[in-house]
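J.: I have a structure here, written as structure tokens, and I will follow up with some questions on it.
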Amino acid sequence: NIAADYALASNINLLANYGKLNDKTTDNFDRKIVAVGVKYTLSPRTSLYGRVVSEQMSNVASASNWDKKDIKTSLIGLQHNF
């Protein structure tokens with residue numbers, strides 16, 4: 001897994017993430033995850049965020065319990081740290 005956080009301005013950050021899982025079980029469900037996003041800081045403890053995540057799974061065609069090989073997710077939210 002590798003992640004990056006780049007500050008564009010004092011309150012805007014670009015986020016990126018890439019992860020890879022090599023499943024060593026007999027099922028061999030390998031995964032790759034790529035995510036990009038942006039975070040807008042409202043205060044020292046509160047921020048708004050948006051992210052897009054793409055997850056790809058290998059060797060799932062042979063499994064009866066998996067019907068999705070590519071999963072795409074969009075996230076929008078408000079984060080407050082206590």
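If you're wondering about the labels, chains in the structure tokens are A, B, ... by order shown, residues count from 1 in each chain, ligands from 1 in order shown.
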For A:Val52, list every protein, DNA or RNA residue within 10 Å, evaluated using only C-alpha atoms, and leave out those in the same chain fewer than 6 positions away; present the list as a ChimeraX atom specification.

T.: /A:16,34-38,72-76

J.: Excluding stretch 2-13 of chain A and residues on its chain fewer than 6 positions from it, collect all residues at most 8 Å away from it, counting only C-alpha atoms, and give them as number ranges by chain.

T.: A: 19, 38-42

J.: Emit the selected residues as a PDB file, in the first residue's frame, including N, CA and C atoms.

T.:
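Contents of the output file again_4.pdb:
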```pdb
ATOM      1  N   GLY A  19      -3.159   0.274  -3.503  1.00  0.00           N
ATOM      2  CA  GLY A  19      -2.903  -0.891  -2.673  1.00  0.00           C
ATOM      3  C   GLY A  19      -3.040  -2.166  -3.469  1.00  0.00           C
ATOM      4  N   VAL A  38     -10.143  14.486  -2.440  1.00  0.00           N
ATOM      5  CA  VAL A  38      -9.803  15.848  -2.033  1.00  0.00           C
ATOM      6  C   VAL A  38     -10.383  16.083  -0.638  1.00  0.00           C
ATOM      7  N   LYS A  39      -9.641  16.852   0.167  1.00  0.00           N
ATOM      8  CA  LYS A  39     -10.098  17.189   1.521  1.00  0.00           C
ATOM      9  C   LYS A  39     -10.042  18.704   1.679  1.00  0.00           C
ATOM     10  N   TYR A  40     -11.133  19.283   2.128  1.00  0.00           N
ATOM     11  CA  TYR A  40     -11.222  20.723   2.365  1.00  0.00           C
ATOM     12  C   TYR A  40     -11.340  20.942   3.873  1.00  0.00           C
ATOM     13  N   THR A  41     -10.355  21.578   4.465  1.00  0.00           N
ATOM     14  CA  THR A  41     -10.325  21.792   5.909  1.00  0.00           C
ATOM     15  C   THR A  41     -11.139  23.026   6.274  1.00  0.00           C
ATOM     16  N   LEU A  42     -12.152  22.818   7.126  1.00  0.00           N
ATOM     17  CA  LEU A  42     -12.993  23.915   7.602  1.00  0.00           C
ATOM     18  C   LEU A  42     -12.433  24.549   8.867  1.00  0.00           C
TER      19      LEU A  42
END
```

J.: Report as a PyMOL selection string all protein, DNA and RNA residues lying within 6 Å of stretch 28-30 of chain A, evaluated on only C-alpha atoms, omitting residues in the same chain fewer than 6 positions from it.

T.: chain A and resi 21-22+57-59

J.: Atom CA of A:Lys20 and atom CA of A:Glu55, how far apart in Å?

T.: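 Computing the Euclidean distance for atom CA of A:Glu55 and atom CA of A:Lys20 yields 9.7 Å.
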
J.: So which bits of chain A end up strand (DSSP E) when you DSSP the backbone, as number ranges by chain?

T.: A: 2-7, 12-21, 31-41, 46-57, 70-80

J.: For the atom pair atom CA of A:Ser47 and atom CA of A:Asn1, what is the interatomic distance in Å to one decimal place?

T.: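 These atoms are spaced 24.0 Å apart.
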
J.: Between A:Pro44, A:Lys69, A:His80, A:Lys24, which has the minimum distance to A:Gln56 (counting only C-alpha atoms)?

T.: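 Residue with the minimum atom-to-atom distance to A:Gln56: A:Lys69.
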
J.: Can you measure atom CA of A:Thr25 to atom CA of A:Val53 for me? One decimal in Å is fine.

T.: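 So the two atoms, atom CA of A:Thr25 and atom CA of A:Val53, lie 24.9 Å apart.
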